[in-house]
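S.K.: Sending over a structure as structure tokens; questions will come in a sec.
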Amino acid sequence: MNSFSVPYTYVVNIFTSNMEAPFSSATLWKYVLLVLSCLITVVTMLLISCGVIALGSAGSVVGAYTAASVGFFAMFIAFVGAMAAVRQSLVLSWGFIVSTVFCIVLQTICMIIFGIFKDDFEIMATKRVQSIWDGRPGTLVEMDDMQMQYHCCGVNGAEDYLTEKKHKLPDSCCLWENCSNEDRISISATGCSDAAKIYFDNQSDNLVLIIVGLIALQVSGVIAAYYFTRSMGNLNQKREKIVITE
């Protein structure tokens with residue numbers, strides 16, 4: 001019986017240690033990190049869509065690509081965090097921490113630059129409207145799409161069409177895309193120049209809120225990853241002590 005006492009004790013200790021692992025702090029921070037990584041992924045999708053729409057509406061191709069690139073970079077880091085939690089990898093966890101800190105700095109810089117050049121983006125949005133208007137008839141489809149998107153008519157209003165020779169409003173200027181009656185109720189009263197500026201202001205506010213929310217989640221993710229890494233290190237030390245003792 002004595003010859004089997006050591007292996008038996010070792011098996012019991014290993015079994016009990018595995019039973020206690022699900023209730024350890026490492027497991028708690030593992031699931032916290034996993035949930036935060038999933039939330040970061042969702043918010044980065046909002047960042048990509050809102051950034052492309054806001055900066056694309058201003059006619060800034062570089063800005064739209066920058067927003068999409070930052071969003072995909074943040075999404076990739078969130079994937080690393082999720083893999084670190086699932087695989088319980090200390091290397092991936094530290095990689096997530098370092099990359100997330102860098103991404104937070106990058107997003108903060110982009111947000112500051114966006115705030116500085118916001119007025120310039122608004123001017124670009126109004127110039128884009130004017131360029132589409134001046135490019136007719138080759139840009140009629142773009143003008144119709146813009147009027148339906150912004151619920152506007154002409155550059156400064158419906159009068160822009162009425163002063164022309166045709167004296168006829170396009171269907172995109174009216175509600176339900178029907179200008180047959182041409183009553184004042186159905187006609188969009190706002191000019192596309194003002195509508196584009198208002199649309200950009202609303203989308204830019206949403207973009208800033210999304211970035212702030214994303215940074216808050218990323219900071220929480222860094223904290224969770226740090227405590228997860230620390231707890232995993234302590235848990236590994238305890239398991240090594242058990243093996244050495246036996």
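In the structure tokens, chains take letters A, B, ... by order of appearance, with residues numbered from 1 within each chain and ligands from 1 in the order shown.
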Leaving out Ser37 in chain A and any residue of its chain fewer than 3 positions from it, which residues lie within 12 Å of it when counting only C-alpha atoms, given as a PyMOL selection string?

M.R.: chain A and resi 29-34+40-44+74-86+93+96-97+100+214+217-222+224-225

S.K.: Write out as number ranges by chain the set of residues from range 64-216 of chain A that DSSP, computed on the backbone, places in alpha helix (DSSP H).

M.R.: A: 64-87, 90-116, 118-134, 140-150, 159-162, 192-216

S.K.: One number please: CA of Ala64 in chain A to CA of Leu36 in chain A, in Å, one decimal.

M.R.: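 These two atoms are separated by 25.9 Å.
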
S.K.: Would you kindly return, as number ranges by chain, each protein, DNA or RNA residue with an atom no farther than 8 Å from any atom of range 230-233 of chain A, considering only C-alpha atoms and excluding same-chain residues fewer than 5 positions away?

M.R.: A: 25-26, 88, 90

S.K.: Suppose you want the space between CA of Leu55 in chain A and CA of Ala189 in chain A; what is it in Å?

M.R.: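 We find that CA of Leu55 in chain A and CA of Ala189 in chain A lie 24.8 Å from each other.
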
S.K.: Could you check which of A:Ala196, A:Ile223, A:Met143, A:Val91 is closest to Gly56 in chain A, using only C-alpha atoms?

M.R.: A:Ala196

S.K.: Residues within 7 Å of range 120-129 of chain A, please, as a PyMOL selection string. Count only C-alpha atoms; anything in the same chain fewer than 6 positions from it doesn't count.

M.R.: chain A and resi 57-59+155+192-193+196-197+200
